[in-house]
file data.cif (mmCIF, C-alpha atoms)
data_protein
#
loop_
_atom_site.label_atom_id
_atom_site.label_comp_id
_atom_site.auth_asym_id
_atom_site.auth_seq_id
_atom_site.Cartn_x
_atom_site.Cartn_y
_atom_site.Cartn_z
CA MET A 1 104.93 70.74 119.09
CA GLY A 2 108.00 72.72 118.11
CA ASN A 3 109.06 75.97 119.70
CA PRO A 4 106.92 79.12 119.64
CA MET A 5 107.07 81.48 116.69
CA LYS A 6 107.74 85.16 117.05
CA ILE A 7 105.04 87.09 115.23
CA ARG A 8 104.85 90.86 114.84
CA ALA A 9 101.92 92.45 113.07
CA ALA A 10 101.48 96.19 112.71
CA VAL A 11 98.83 98.12 110.81
CA LYS A 12 99.55 101.42 109.07
CA ASP A 13 97.38 103.24 106.53
CA GLY A 14 95.08 100.23 106.14
CA VAL A 15 97.89 97.75 105.43
CA THR A 16 99.11 95.21 107.96
CA GLU A 17 102.76 94.20 107.92
CA VAL A 18 103.41 90.72 109.30
CA LYS A 19 106.83 89.45 110.34
CA ILE A 20 107.21 85.82 111.36
CA LEU A 21 110.23 84.06 112.83
CA MET A 22 109.73 80.31 113.13
CA GLN A 23 112.03 78.11 115.18
CA HIS A 24 113.03 75.05 113.22
CA GLU A 25 116.24 73.23 112.31
CA MET A 26 115.37 72.98 108.60
CA GLU A 27 117.69 70.02 108.00
CA THR A 28 118.40 69.57 104.30
CA GLY A 29 118.96 65.83 104.44
CA MET A 30 122.40 66.42 102.87
CA ARG A 31 124.34 67.19 106.04
CA LYS A 32 126.41 64.60 107.88
CA ASP A 33 126.84 64.59 111.64
CA ALA A 34 130.18 64.28 113.48
CA ASP A 35 130.16 60.48 112.91
CA GLY A 36 129.62 60.88 109.17
CA VAL A 37 126.01 59.73 109.35
CA LEU A 38 123.57 61.55 107.10
CA VAL A 39 121.10 63.66 109.08
CA PRO A 40 117.63 63.00 107.63
CA ALA A 41 115.70 65.87 106.06
CA TRP A 42 113.54 67.68 108.57
CA PHE A 43 111.94 70.91 107.49
CA ILE A 44 108.77 72.97 107.63
CA SER A 45 106.84 72.15 104.46
CA ASP A 46 103.69 74.25 104.83
CA VAL A 47 102.86 77.61 106.39
CA LYS A 48 99.54 79.39 106.57
CA ALA A 49 98.72 82.85 107.94
CA GLU A 50 95.14 83.84 108.68
CA TYR A 51 93.34 86.99 109.72
CA GLN A 52 89.73 86.61 110.92
CA GLY A 53 89.36 83.28 109.17
CA ARG A 54 90.68 84.67 105.87
CA VAL A 55 93.92 83.16 104.55
CA VAL A 56 96.33 86.05 103.99
CA LEU A 57 99.35 83.99 102.94
CA GLU A 58 100.11 80.37 102.20
CA ALA A 59 103.63 79.08 101.70
CA GLN A 60 105.29 75.83 100.85
CA PHE A 61 108.92 75.39 101.81
CA GLY A 62 111.65 73.08 100.60
CA GLN A 63 114.93 72.24 102.31
CA SER A 64 116.60 75.40 100.95
CA VAL A 65 114.80 77.75 103.33
CA SER A 66 117.19 78.85 106.08
CA LYS A 67 117.17 77.49 109.62
CA ASN A 68 114.61 79.37 111.74
CA PRO A 69 112.61 80.58 108.73
CA TYR A 70 111.74 84.24 108.46
CA LEU A 71 108.83 85.70 106.54
CA LEU A 72 107.63 89.22 105.87
CA PHE A 73 104.51 90.16 103.93
CA HIS A 74 101.73 92.75 103.79
CA PHE A 75 97.96 92.34 103.58
CA LYS A 76 95.23 94.93 103.11
CA GLY A 77 93.01 95.49 106.12
CA GLY A 78 93.64 94.51 109.68
CA ALA A 79 92.75 96.45 112.80
CA ALA A 80 94.78 97.07 115.93
CA GLY A 81 93.88 94.52 118.59
CA ASP A 82 92.74 91.86 116.11
CA LYS A 83 94.75 88.69 115.86
CA VAL A 84 96.86 87.16 113.12
CA THR A 85 97.20 83.37 113.37
CA VAL A 86 100.12 81.49 111.84
CA SER A 87 100.49 77.72 111.60
CA TRP A 88 103.13 75.46 110.14
CA ALA A 89 103.52 71.74 109.53
CA ASP A 90 106.81 69.93 108.95
CA ASN A 91 107.68 66.83 106.93
CA LYS A 92 107.69 64.68 110.08
CA GLY A 93 104.09 65.61 110.88
CA ASP A 94 104.89 68.09 113.63
CA LYS A 95 102.67 71.18 113.75
CA ARG A 96 102.54 74.47 115.54
CA THR A 97 100.09 77.38 115.68
CA ASP A 98 100.72 80.79 117.25
CA GLU A 99 98.95 84.11 117.16
CA ALA A 100 99.72 87.74 117.76
CA ALA A 101 97.62 90.87 118.16
CA ILE A 102 98.02 93.58 115.54
CA THR A 103 99.47 96.80 116.88
CA ALA A 104 99.09 100.30 115.46
CA ALA A 105 102.33 101.32 113.76
CA MET B 1 74.86 52.99 78.11
CA ASN B 2 71.91 51.32 76.42
CA ASN B 3 73.95 48.46 75.02
CA MET B 4 75.57 47.70 78.28
CA THR B 5 74.71 44.65 80.31
CA ASP B 6 73.79 45.11 83.94
CA ASN B 7 77.11 43.65 84.93
CA GLN B 8 79.09 46.27 83.06
CA THR B 9 76.99 49.04 84.51
CA ILE B 10 77.67 47.79 87.99
CA ASN B 11 81.40 47.59 87.29
CA LEU B 12 81.36 51.16 86.05
CA GLN B 13 79.57 52.33 89.15
CA ARG B 14 82.05 50.47 91.30
CA ARG B 15 84.95 52.11 89.50
CA ASN B 16 83.46 55.55 89.97
CA ALA B 17 82.90 54.81 93.64
CA LEU B 18 86.54 53.82 93.99
CA LYS B 19 87.66 57.02 92.28
CA VAL B 20 85.64 59.12 94.68
CA GLY B 21 86.95 57.09 97.61
CA GLY B 22 90.57 57.64 96.55
CA GLY B 23 89.97 61.34 96.24
CA LEU B 24 88.53 61.49 99.71
CA GLY B 25 91.56 59.68 101.09
CA LEU B 26 93.84 62.29 99.59
CA LEU B 27 91.66 65.05 100.98
CA ALA B 28 91.81 63.45 104.41
CA LEU B 29 95.60 63.39 104.16
CA PHE B 30 95.75 67.12 103.46
CA GLY B 31 93.10 67.62 106.10
CA SER B 32 95.30 65.96 108.68
CA LEU B 33 97.97 68.51 107.84
CA GLY B 34 95.41 71.18 108.56
CA LEU B 35 95.86 72.55 105.09
CA VAL B 36 92.75 71.61 103.18
CA GLY B 37 92.03 73.65 100.12
CA ASN B 38 95.38 73.57 98.37
CA VAL B 39 94.61 71.46 95.33
CA MET B 40 98.05 72.22 93.92
CA ALA B 41 99.78 70.62 96.90
CA GLU B 42 100.65 67.34 95.23
CA SER B 43 102.21 68.71 92.06
CA ASP B 44 103.94 71.47 94.03
CA ARG B 45 105.69 68.91 96.21
CA LYS B 46 106.99 67.27 93.04
CA ALA B 47 108.58 70.59 92.09
CA PHE B 48 110.31 70.69 95.48
CA ALA B 49 112.06 67.39 94.68
CA ALA B 50 113.33 68.71 91.34
CA LYS B 51 117.10 68.75 90.86
CA SER B 52 117.20 71.23 88.00
CA MET B 53 115.35 74.36 86.90
CA ASP B 54 113.93 72.56 83.85
CA GLU B 55 112.62 69.72 86.00
CA ALA B 56 111.09 72.13 88.52
CA LEU B 57 109.38 74.25 85.86
CA THR B 58 107.98 71.16 84.17
CA ALA B 59 106.61 69.90 87.50
CA MET B 60 104.91 73.28 88.00
CA GLY B 61 103.44 73.24 84.51
CA VAL B 62 105.44 76.25 83.35
CA ILE B 63 106.37 76.32 79.67
CA ILE B 64 108.85 79.16 79.21
CA PRO B 65 108.52 82.02 81.67
CA GLU B 66 108.96 85.52 80.25
CA ASN B 67 111.59 87.78 81.74
CA SER B 68 109.85 90.71 83.36
CA ASP B 69 110.88 94.16 84.56
CA ALA B 70 107.76 94.20 86.70
CA ILE B 71 109.43 91.90 89.24
CA LYS B 72 111.96 93.36 91.63
CA LEU B 73 114.25 90.73 93.15
CA THR B 74 116.41 92.01 95.98
CA VAL B 75 119.33 89.81 97.01
CA PRO B 76 122.83 90.62 98.26
CA GLU B 77 125.52 90.76 95.54
CA ILE B 78 127.88 88.85 97.82
CA ALA B 79 126.71 86.55 100.62
CA GLU B 80 129.34 85.98 103.27
CA ASN B 81 127.15 83.34 104.85
CA GLY B 82 125.39 81.07 102.39
CA ALA B 83 123.24 79.66 105.19
CA VAL B 84 121.25 82.88 105.49
CA VAL B 85 120.68 84.80 102.26
CA PRO B 86 117.85 87.35 102.46
CA VAL B 87 115.56 87.39 99.41
CA THR B 88 112.81 89.90 98.69
CA VAL B 89 110.47 89.64 95.72
CA ILE B 90 108.16 92.53 94.85
CA SER B 91 105.98 92.44 91.77
CA THR B 92 103.94 95.20 90.19
CA LEU B 93 102.17 92.76 87.84
CA ALA B 94 98.38 92.63 88.07
CA ASN B 95 96.59 89.62 89.58
CA VAL B 96 99.59 87.91 91.15
CA GLU B 97 98.63 84.42 92.32
CA GLN B 98 101.94 82.85 93.23
CA ILE B 99 105.56 83.80 93.95
CA SER B 100 108.27 81.12 93.92
CA ILE B 101 111.94 81.39 94.79
CA PHE B 102 114.60 79.13 93.26
CA VAL B 103 118.35 78.70 93.74
CA ASP B 104 119.56 77.12 90.50
CA LYS B 105 122.69 75.38 91.89
CA ASN B 106 121.17 73.96 95.08
CA PRO B 107 120.54 70.18 95.21
CA ASN B 108 116.81 70.95 95.29
CA VAL B 109 116.29 74.09 93.23
CA LEU B 110 112.89 75.21 94.52
CA ALA B 111 113.28 76.89 97.90
CA ALA B 112 109.84 78.29 98.61
CA SER B 113 106.53 78.92 96.92
CA PHE B 114 103.94 81.42 98.16
CA THR B 115 100.27 81.58 97.31
CA ILE B 116 99.14 85.20 97.27
CA PRO B 117 95.41 85.54 97.98
CA GLN B 118 93.45 88.63 96.92
CA GLY B 119 94.05 91.43 99.39
CA THR B 120 97.62 90.38 100.07
CA GLU B 121 100.33 92.51 98.45
CA SER B 122 102.52 90.77 95.88
CA MET B 123 105.62 91.03 97.99
CA VAL B 124 107.43 88.59 100.21
CA THR B 125 110.71 88.45 102.09
CA THR B 126 112.39 85.30 103.36
CA ARG B 127 115.85 83.79 103.82
CA VAL B 128 117.33 80.89 101.87
CA LYS B 129 120.38 78.64 102.00
CA MET B 130 122.86 78.65 99.12
CA GLY B 131 125.49 75.93 98.75
CA GLN B 132 127.58 77.95 96.29
CA THR B 133 127.55 80.98 94.00
CA ALA B 134 124.33 80.67 91.99
CA ASN B 135 121.40 82.46 90.46
CA VAL B 136 118.43 83.25 92.62
CA ILE B 137 115.32 83.16 90.44
CA ALA B 138 111.96 84.67 91.26
CA LEU B 139 109.03 83.16 89.35
CA VAL B 140 105.75 85.04 89.52
CA LYS B 141 102.42 83.69 88.31
CA ALA B 142 100.11 86.54 87.38
CA GLY B 143 96.86 86.29 85.47
CA GLY B 144 97.61 82.64 84.68
CA LYS B 145 101.01 83.42 83.09
CA PHE B 146 104.50 82.97 84.46
CA TYR B 147 107.19 85.65 84.61
CA ARG B 148 110.71 85.45 85.95
CA VAL B 149 113.75 87.41 86.95
CA ALA B 150 117.19 86.07 87.94
CA ARG B 151 120.04 87.58 89.90
CA GLU B 152 123.43 86.12 90.75
CA VAL B 153 124.62 85.91 94.35
CA LYS B 154 128.30 85.23 95.02
CA VAL B 155 128.65 82.97 98.02
CA THR B 156 131.94 83.09 99.90
CA ALA B 157 131.00 80.42 102.49
CA GLY B 158 128.47 77.69 101.70
CA GLY B 159 125.23 77.09 103.54
CA CYS B 160 125.33 73.34 103.72
CA GLY B 161 128.13 72.86 106.24
CA GLY B 162 129.29 69.45 107.47
#

call {"tool": "encode", "arguments": {"input": "data.cif", "output": "structure tokens"}}
result
Amino acid sequence: MGNPMKIRAAVKDGVTEVKILMQHEMETGMRKDADGVLVPAWFISDVKAEYQGRVVLEAQFGQSVSKNPYLLFHFKGGAAGDKVTVSWADNKGDKRTDEAAITAA
Amino acid sequence: MNNMTDNQTINLQRRNALKVGGGLGLLALFGSLGLVGNVMAESDRKAFAAKSMDEALTAMGVIIPENSDAIKLTVPEIAENGAVVPVTVISTLANVEQISIFVDKNPNVLAASFTIPQGTESMVTTRVKMGQTANVIALVKAGGKFYRVAREVKVTAGGCGG
């Protein structure tokens, strides 16, 4: 299931700012462990953010995105109290969905 | 069709049925990821495996992207920690559909690709790993055309430790 994301969403002047911090190792598949064995690639490949059933951002990641991926973006609309839902899927088939209520900035 | 024997017609139908079936299988695969609706998914993943900028751009169907002043790429001039390099792309182009971020000297050059739906501002911030001093390239698809901007980041400690 992965660890919970931290999501902050704040609306100001009709624009909602969303900040997402995912918890994931984001292994490149190039790193070797202490015994010299290659650590297999393990990374979030797909991310989707939704507001009231409308997709507000879709992302695809490769191995070059940093450990514990961070995202910031803005979408038009959004009302305080409404929820923003974010889900990710990784290359091993693990998934996670979290949501956060929009606050007034 | 008139000249065809019944047998041939049946074969044709069978082939079409198979085609449809294969398509459904693919759809089910994306469905299981919970990400139905991204038709580009397959070719995009090919771009993520690309080892060079040329290979990545070809996989994405980009001919030669134009350099554009309408894209603002914010990266640090010097990254002390290549494992966490903040990247912000802001574009003032009209009808932005997609923003992609590349690191040209990484083993896999394409770091992230964002689909920007209508109503979402053409701006995104994330963090990428950089193995060595390299160019960070922002590629923006707007109105069906591709535009790019590149900026060098000097890395003093690599991001692919071990």

call {"tool": "interface_residues", "arguments": {"input": "data.cif", "of": "chain B", "to": "chain A", "cutoff": "7 Å", "atoms": "all atoms listed in the file", "output": "list of chain:residue names"}}
result
B:Leu33, B:Phe48, B:Ala83, B:Val84, B:Leu110, B:Ala111, B:Ala112, B:Ser113, B:Phe114, B:Thr115, B:Ile116, B:Pro117, B:Gly119, B:Thr120, B:Glu121, B:Met123, B:Val124, B:Thr125, B:Thr126, B:Arg127, B:Val128, B:Lys129, B:Cys160, B:Gly161, B:Gly162

call {"tool": "resolve_selection", "arguments": {"input": "data.cif", "expression": "the PyMOL selection byres ((chain B and resi 63-76) around 6)", "output": "short mmCIF file (atom, residue, chain, number, x, y, z; two decimals) with C-alpha atoms, in the frame of the given file"}}
result
data_model
loop_
_atom_site.label_atom_id
_atom_site.label_comp_id
_atom_site.auth_asym_id
_atom_site.auth_seq_id
_atom_site.Cartn_x
_atom_site.Cartn_y
_atom_site.Cartn_z
CA VAL B 62 105.44 76.25 83.35
CA GLU B 77 125.52 90.76 95.54
CA ILE B 78 127.88 88.85 97.82
CA VAL B 87 115.56 87.39 99.41
CA THR B 88 112.81 89.90 98.69
CA VAL B 89 110.47 89.64 95.72
CA ILE B 90 108.16 92.53 94.85
CA SER B 91 105.98 92.44 91.77
CA THR B 92 103.94 95.20 90.19
CA LEU B 93 102.17 92.76 87.84
CA PHE B 146 104.50 82.97 84.46
CA TYR B 147 107.19 85.65 84.61
CA ARG B 148 110.71 85.45 85.95
CA VAL B 149 113.75 87.41 86.95
#

call {"tool": "residues_around", "arguments": {"input": "data.cif", "residues": "B:Val153", "least_positions_apart": "5", "cutoff": "10 Å", "atoms": "only C-alpha atoms", "output": "tab-separated table (two decimals) with C-alpha atoms, in the frame of the given file"}}
result
chain	number	residue	atom	x	y	z
B	75	VAL	CA	119.33	89.81	97.01
B	76	PRO	CA	122.83	90.62	98.26
B	77	GLU	CA	125.52	90.76	95.54
B	78	ILE	CA	127.88	88.85	97.82
B	79	ALA	CA	126.71	86.55	100.62
B	82	GLY	CA	125.39	81.07	102.39
B	85	VAL	CA	120.68	84.80	102.26
B	103	VAL	CA	118.35	78.70	93.74
B	130	MET	CA	122.86	78.65	99.12
B	132	GLN	CA	127.58	77.95	96.29
B	133	THR	CA	127.55	80.98	94.00
B	134	ALA	CA	124.33	80.67	91.99
B	135	ASN	CA	121.40	82.46	90.46
B	136	VAL	CA	118.43	83.25	92.62

call {"tool": "atom_distance", "arguments": {"input": "data.cif", "atom1": "atom CA of B:Val96", "atom2": "atom CA of A:Glu50"}}
result
18.5 Å

call {"tool": "resolve_selection", "arguments": {"input": "data.cif", "expression": "the PyMOL selection byres ((chain A and resi 4) around 8)", "output": "list in words"}}
result
Gly2, Asn3, Met5, Lys6, Met22, Gln23, Arg96 and Asp98 of chain A

call {"tool": "resolve_selection", "arguments": {"input": "data.cif", "expression": "the PyMOL selection byres ((chain B and resi 108) around 7)", "output": "number ranges by chain"}}
result
B: 48-51, 106-107, 109-110

call {"tool": "atom_distance", "arguments": {"input": "data.cif", "atom1": "atom CA of A:Met1", "atom2": "atom CA of A:Thr85"}}
result
15.9 Å

call {"tool": "atom_distance", "arguments": {"input": "data.cif", "atom1": "atom CA of A:Ala101", "atom2": "atom CA of B:Gln118"}}
result
21.8 Å

call {"tool": "residues_near_point", "arguments": {"input": "data.cif", "point": "(98.4, 100.8, 114.7)", "cutoff": "12 Å", "atoms": "all atoms listed in the file", "output": "list in words"}}
result
Arg8, Ala9, Ala10, Val11, Lys12, Asp13, Gly14, Val15, Thr16, Glu17, Gly77, Gly78, Ala79, Ala80, Gly81, Asp82, Ala101, Ile102, Thr103, Ala104 and Ala105 of chain A

call {"tool": "closest_residue", "arguments": {"input": "data.cif", "among": "B:Ala142, B:Glu80, B:Glu97, B:Ile137", "to": "B:Ala157", "atoms": "only C-alpha atoms"}}
result
B:Glu80

call {"tool": "build_atoms", "arguments": {"input": "data.cif", "residues": "stretch 25-44 of chain A", "atoms": "N, CA and C atoms", "output": "CSV table (one decimal), in the frame of the given file"}}
result
chain,number,residue,atom,x,y,z
A,25,GLU,N,114.9,73.6,112.8
A,25,GLU,CA,116.2,73.2,112.3
A,25,GLU,C,116.4,73.3,110.8
A,26,MET,N,115.3,73.0,110.1
A,26,MET,CA,115.4,73.0,108.6
A,26,MET,C,116.6,72.2,108.1
A,27,GLU,N,116.6,70.9,108.5
A,27,GLU,CA,117.7,70.0,108.0
A,27,GLU,C,117.5,69.7,106.5
A,28,THR,N,118.5,69.8,105.7
A,28,THR,CA,118.4,69.6,104.3
A,28,THR,C,118.3,68.1,103.9
A,29,GLY,N,118.9,67.2,104.8
A,29,GLY,CA,119.0,65.8,104.4
A,29,GLY,C,120.3,65.5,103.7
A,30,MET,N,121.1,66.6,103.6
A,30,MET,CA,122.4,66.4,102.9
A,30,MET,C,123.6,66.5,103.9
A,31,ARG,N,123.3,66.9,105.1
A,31,ARG,CA,124.3,67.2,106.0
A,31,ARG,C,124.7,65.9,106.8
A,32,LYS,N,126.0,65.8,107.1
A,32,LYS,CA,126.4,64.6,107.9
A,32,LYS,C,126.8,65.1,109.3
A,33,ASP,N,126.5,64.2,110.3
A,33,ASP,CA,126.8,64.6,111.6
A,33,ASP,C,128.3,64.3,111.9
A,34,ALA,N,128.8,64.4,113.1
A,34,ALA,CA,130.2,64.3,113.5
A,34,ALA,C,130.7,62.9,113.2
A,35,ASP,N,129.8,61.9,113.2
A,35,ASP,CA,130.2,60.5,112.9
A,35,ASP,C,130.0,60.1,111.4
A,36,GLY,N,129.7,61.1,110.6
A,36,GLY,CA,129.6,60.9,109.2
A,36,GLY,C,128.3,60.3,108.8
A,37,VAL,N,127.3,60.3,109.7
A,37,VAL,CA,126.0,59.7,109.4
A,37,VAL,C,125.1,60.9,108.8
A,38,LEU,N,124.4,60.6,107.7
A,38,LEU,CA,123.6,61.6,107.1
A,38,LEU,C,122.4,61.9,108.0
A,39,VAL,N,122.2,63.2,108.3
A,39,VAL,CA,121.1,63.7,109.1
A,39,VAL,C,119.9,63.7,108.2
A,40,PRO,N,118.8,63.0,108.5
A,40,PRO,CA,117.6,63.0,107.6
A,40,PRO,C,117.0,64.4,107.5
A,41,ALA,N,116.4,64.6,106.3
A,41,ALA,CA,115.7,65.9,106.1
A,41,ALA,C,114.6,66.1,107.1
A,42,TRP,N,114.5,67.3,107.6
A,42,TRP,CA,113.5,67.7,108.6
A,42,TRP,C,113.3,69.2,108.4
A,43,PHE,N,112.2,69.5,107.8
A,43,PHE,CA,111.9,70.9,107.5
A,43,PHE,C,110.4,71.2,107.5
A,44,ILE,N,110.1,72.5,107.7
A,44,ILE,CA,108.8,73.0,107.6
A,44,ILE,C,108.4,72.9,106.2
